[in-house]
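Participant: One structure follows; several queries about it will come next.
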Amino acid sequence: MTTVITGAGVLCATARDVDTFAAALRAGTSGIGRRRVEGDHPELRPLLSCDLAGFDLRTAIADRTEPLRRAAVRLAGRSPMTVQASVTVALEGWERAGLHRADVPGERIGLVVAGHNLGGRYAEEVRPRYTSSPVHLPARYPLQFMDTDHVGTVSELLGVTGEGYTVGGASASGNVALINATRLVGSGAVDVCLVLGALTDLSDMERQAFYNLGAMAGGRDTPPEQSSRPFDTRHEGFVPGQGAACVVLESAASAERRGAAPWARVDGYAMKLSGNGLADPRTTDETEVMARALRHAGLTADRIDYVNAHGTGSPLGDEVELTALRTVFGSGSGRPWVNSTKGLVGHCLCAAGVVEAVATLVQMRHGFVHANANLVTPIGTGGRLVGARARPAVIDQAMSNGFGFGGFNTSVILGRQGK
């Protein structure tokens, strides 16, 4: 059964919706800035982030249709920001897919949320109230500290009563969700499935932990706009990004019945574990998961026009992925374009795979590949890395990679509609 994409939504430091995201990617706009950190300890880091500045739910959904807008404010107006972001992108995806005008039974619609450990900062904010007086702990906190609150809130808002759940795969969570949702649609369990990449709101302690591990850029002496450097010899780790996204998957038959024009197809995917609980990716596993995705799609490597790389800016991770890409695609003139969206919007962690799926869709639809931010001296030769500016490109087949701590390896292949 063919699975198509009929809508999408996105929210990140550079964009409030899909249209502004397309413009920001084409312009190479960076959302990275310097954080204000309390304290002056010389080891206190990281100092850089790609945050949603001034996010307000009511403003973010002001253009959404009634009565959904009113219902969203009622259901999520006092929720943590992570849930409010999920509501925002879900509404955009829902309306772009035309589901607010469609008569699709709720039991034929599913919901898969990519994310785990999402509300670290919210827990940090609530703790002083508990410490001051336990009775002042918010009554809804037992619901809100669980990541399933995203599923509950969005399903109530949109009347989704089919299958639904959260999935986790560290930084590969977004692709894990896309793969699971594709299986739900492909099996006939649902006709439509929303995939939500949920915003990860890191606490200061969690940020420091990533830095201590050597995964996150410190940024004490780095200009913010030059801090995220995927595939560059100056890379020093990822810059955290606050982002959320939604992709609406649907069976081709369902889309045809209701007259919805597909944006793209999900042509293939693969997922495998490394059997490794550490934060050290392996070239063999990344090579294999890309090869498996190609086989699942029935494609040869030369059919891929573009790869949205995992590309975090981590020295080890970048080297491993670039080596795997050269192994799969070779180093000849026909190799695909490669870029990393994280260089512009930061690493959106659990949401990264869905945010980057939307970035891939945008580039396919508008015929360009966005710049690799701050790529001056590539770490190696042989990869067709996009340079300092966006380039026109015809993308019929695209691959999006997602790799996560704990040995999660994923790859998803999308195909352009209306070629």
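Just remember, in the structure tokens the first chain shown is A, the second B, etc., residues are 1-based per chain, and ligands are 1-based in the order shown.
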Applying 7 Å and only C-alpha atoms, which residues near stretch 194-199 of chain A remain after dropping the ones on its own chain fewer than 6 positions away? List them as a list in words.

Facilitator: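 These residues fall inside the cut-off: Thr82, Ala85, Ser86, Gly110, Leu111, Val112, Val113, Ala114, Gly115, Leu118, Gly174, Ala177, Leu178, Ala181, Gln242, Gly243, Ala244, Ala245, Cys246, Val247, Val248, Leu249, Cys350, Ala351, Val354 and Val355 of chain A.
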
Participant: So that I can check the secondary structure, give me every residue of stretch 194-276 of chain A assigned helix (DSSP H, G or I) by backbone DSSP, as a ChimeraX atom specification.

Facilitator: /A:204-213,224-226,252-257

Participant: In Å, with one decimal, what is the gap from atom CA of A:Thr200 to atom CA of A:Gly219?

Facilitator: 20.3 Å

Participant: Just asking: which residues within stretch 156-385 of chain A are strand (DSSP E or B) according to DSSP, as an MDAnalysis selection string?

Facilitator: chainID A and resid 164:167 169 171 192:197 216 232 238 240:241 244:251 264:273 306:308 337:339 347 368:369 378 384:385

Participant: Could you check which of A:Ser155, A:Val376, A:Cys50, A:His370 is closest to A:Leu349, using only C-alpha atoms?

Facilitator: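 When distances to A:Leu349 are compared using only C-alpha atoms, the smallest one comes from A:Cys50.
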
Participant: Find, counting only C-alpha atoms, the residue in A:Val4, A:Leu25, A:Leu294, A:Val328 that gets nearest to A:Ala359.

Facilitator: A:Leu25

Participant: As JSON, numbers by chain, please: the residues near stretch 330-339 of chain A (cut-off 10 Å, only C-alpha atoms, same-chain neighbours under 4 positions excluded).

Facilitator: {"A": [230, 231, 301, 302, 303, 304, 305, 306, 307, 308, 309, 310, 311, 322, 323, 324, 325, 326, 343, 369, 370, 371, 372, 373, 375, 381, 382, 383, 384, 385, 386, 387, 391, 393, 395, 397, 398, 399, 400]}

Participant: Could you give me, as a ChimeraX atom specification, the residues within 12 Å of A:Gly162, counting only C-alpha atoms and dropping anything in the same chain fewer than 3 positions from it?

Facilitator: /A:104-112,151,155-156,158-159,165,181,184-185,188-194

Participant: Using Å and a single decimal, report how far atom CA of A:Glu206 sits from atom CA of A:Arg121.

Facilitator: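 Interatomic distance here is 8.8 Å.
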
Participant: When you count only C-alpha atoms, which of these residues is closest to A:Gly404: A:Gly317, A:Gly268, A:Gly259, A:Pro240?

Facilitator: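 Selected residue with least distance to A:Gly404: A:Gly317.
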